[in-house]
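Just below is one structure, and these are the notes that go with it.
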Amino acid sequence: SGGERSVSTIMFLMALQDMVKSPFRVVDEINQGMDERNERIVFKRIVENSVGPTRPQYFLITPKLLQGLTAMEHEDVTVLFVFNGPYNLKPGEWDLPGFLRKRKALLGDEEPNRPGKQAKSAAARQGDEARVQ
């Protein structure tokens with residue numbers, strides 16, 4: 001199966017959410033066992049049901065997330081990744097200044113345009129570069 005039980009469970013819970021008021025919902029590993037098609041359908045539906053000022057917030061906890069989920073591009077969606085395990089860098093091995101230099105080079109030294117964020121002036125960017133170098 002492609003996870004039909006998980007699909008029907010999450011769809012049922014989303015149908016009930018207007019009947020039971022809650023500021024947030026937590027969904028843990030609902031996508032386990034789903035095929036790619038069903039996972040995309042469910043993720044899109046979760047986003048549709050959780051964006052907007054009067055909608056509840058969703059926390060989707062999963063050890064896997066498909067690439068190319070276009071619903072994540074919505075401005076109300078925030079994705080946080082937590083990396084845990086024996087292959088992660090130890091605190092002293094993380095080169096934050098080097099990472100920031102590479103990020104700026106990839107972005108062409110421009111800050112990403114995100115809602116609610118002001119674009120930095122050239123002087124502010126130069127100050128940031130001086131602190132990173």
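Labeling convention for the structure tokens: chains A, B, ... as they appear, residues from 1 per chain, ligands from 1 in order of appearance.
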
Quiz item: So which bits of stretch 34-117 of chain A end up strand (DSSP E or B) when you DSSP the backbone, as a VMD selection string?
Solution: chain A and resid 57 to 61

To test your reading of the structure, identify every residue in stretch 7-93 of chain A that backbone DSSP assigns to alpha helix (DSSP H), and report it as a tab-separated table (two decimals) with C-alpha atoms, in the first residue's frame.
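That gives us result.tsv:
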```
chain	number	residue	atom	x	y	z
A	7	VAL	CA	-3.65	9.51	4.25
A	8	SER	CA	-7.19	8.84	5.48
A	9	THR	CA	-6.16	9.53	9.10
A	10	ILE	CA	-4.63	12.93	8.39
A	11	MET	CA	-7.46	13.95	6.07
A	12	PHE	CA	-10.00	13.00	8.76
A	13	LEU	CA	-8.11	14.99	11.40
A	14	MET	CA	-7.93	18.03	9.12
A	15	ALA	CA	-11.67	17.78	8.45
A	16	LEU	CA	-12.28	17.87	12.22
A	36	GLU	CA	5.66	9.76	-3.03
A	37	ARG	CA	2.32	10.65	-4.62
A	38	ASN	CA	0.38	10.40	-1.35
A	39	GLU	CA	3.07	12.22	0.60
A	40	ARG	CA	2.91	15.16	-1.81
A	41	ILE	CA	-0.91	15.25	-1.62
A	42	VAL	CA	-0.91	15.18	2.20
A	43	PHE	CA	1.83	17.79	2.55
A	44	LYS	CA	0.04	20.15	0.16
A	45	ARG	CA	-3.20	19.68	2.10
A	46	ILE	CA	-1.49	20.34	5.44
A	47	VAL	CA	-0.10	23.61	4.05
A	48	GLU	CA	-3.51	24.62	2.65
A	49	ASN	CA	-5.11	23.97	6.05
A	50	SER	CA	-2.50	25.79	8.10
```

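Closest approach to A:Pro56 from the set A:Lys102, A:Arg5, A:His74, A:Lys21 is made by A:Lys21, with distances taken over only C-alpha atoms.
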
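Separating atom CA of A:Val51 from atom CA of A:Glu75 is a distance of 8.8 Å.
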
Quiz item: Do you know which residues are at most 9 Å from A:Lys64 counting only C-alpha atoms, after dropping those on the same chain fewer than 2 positions away, and could you put them as a PyMOL selection string?
Solution: chain A and resi 29+31-32+61-62+66

Output file for the residues above (N, CA and C atoms, as a PDB file, in the first residue's frame):
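And here is the file that came out, selection09.pdb:
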```pdb
ATOM      1  N   GLU A  29       5.516  11.833  12.107  1.00  0.00           N
ATOM      2  CA  GLU A  29       5.820  10.765  11.154  1.00  0.00           C
ATOM      3  C   GLU A  29       4.587  10.256  10.402  1.00  0.00           C
ATOM      4  N   ASN A  31       3.948  10.672   7.423  1.00  0.00           N
ATOM      5  CA  ASN A  31       4.306  10.292   6.057  1.00  0.00           C
ATOM      6  C   ASN A  31       5.063   8.968   5.965  1.00  0.00           C
ATOM      7  N   GLN A  32       5.320   8.311   7.067  1.00  0.00           N
ATOM      8  CA  GLN A  32       6.013   7.023   7.028  1.00  0.00           C
ATOM      9  C   GLN A  32       5.126   5.987   6.344  1.00  0.00           C
ATOM     10  N   ILE A  61       6.634  16.548  12.188  1.00  0.00           N
ATOM     11  CA  ILE A  61       7.899  15.959  12.598  1.00  0.00           C
ATOM     12  C   ILE A  61       8.115  14.718  11.747  1.00  0.00           C
ATOM     13  N   THR A  62       9.244  14.673  11.059  1.00  0.00           N
ATOM     14  CA  THR A  62       9.500  13.544  10.171  1.00  0.00           C
ATOM     15  C   THR A  62      11.000  13.324   9.997  1.00  0.00           C
ATOM     16  N   LEU A  66      10.384  14.844   1.304  1.00  0.00           N
ATOM     17  CA  LEU A  66      10.640  14.781  -0.132  1.00  0.00           C
ATOM     18  C   LEU A  66      11.226  16.083  -0.651  1.00  0.00           C
TER      19      LEU A  66
END
```

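For the atom pair formed by atom CA of A:Ile30 and atom CA of A:Gly52, the distance is 22.4 Å, given to one decimal.
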
Quiz item: Quick one, how far is atom CA of A:Asp18 from atom CA of A:Gln57?
Solution: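 Computing the Euclidean distance for atom CA of A:Asp18 and atom CA of A:Gln57 yields 12.9 Å.
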
Quiz item: Which is closer to A:Gly33 than all the others in A:Phe81, A:Ala105, A:Leu96, A:Gly3, using only C-alpha atoms?
Solution: A:Gly3
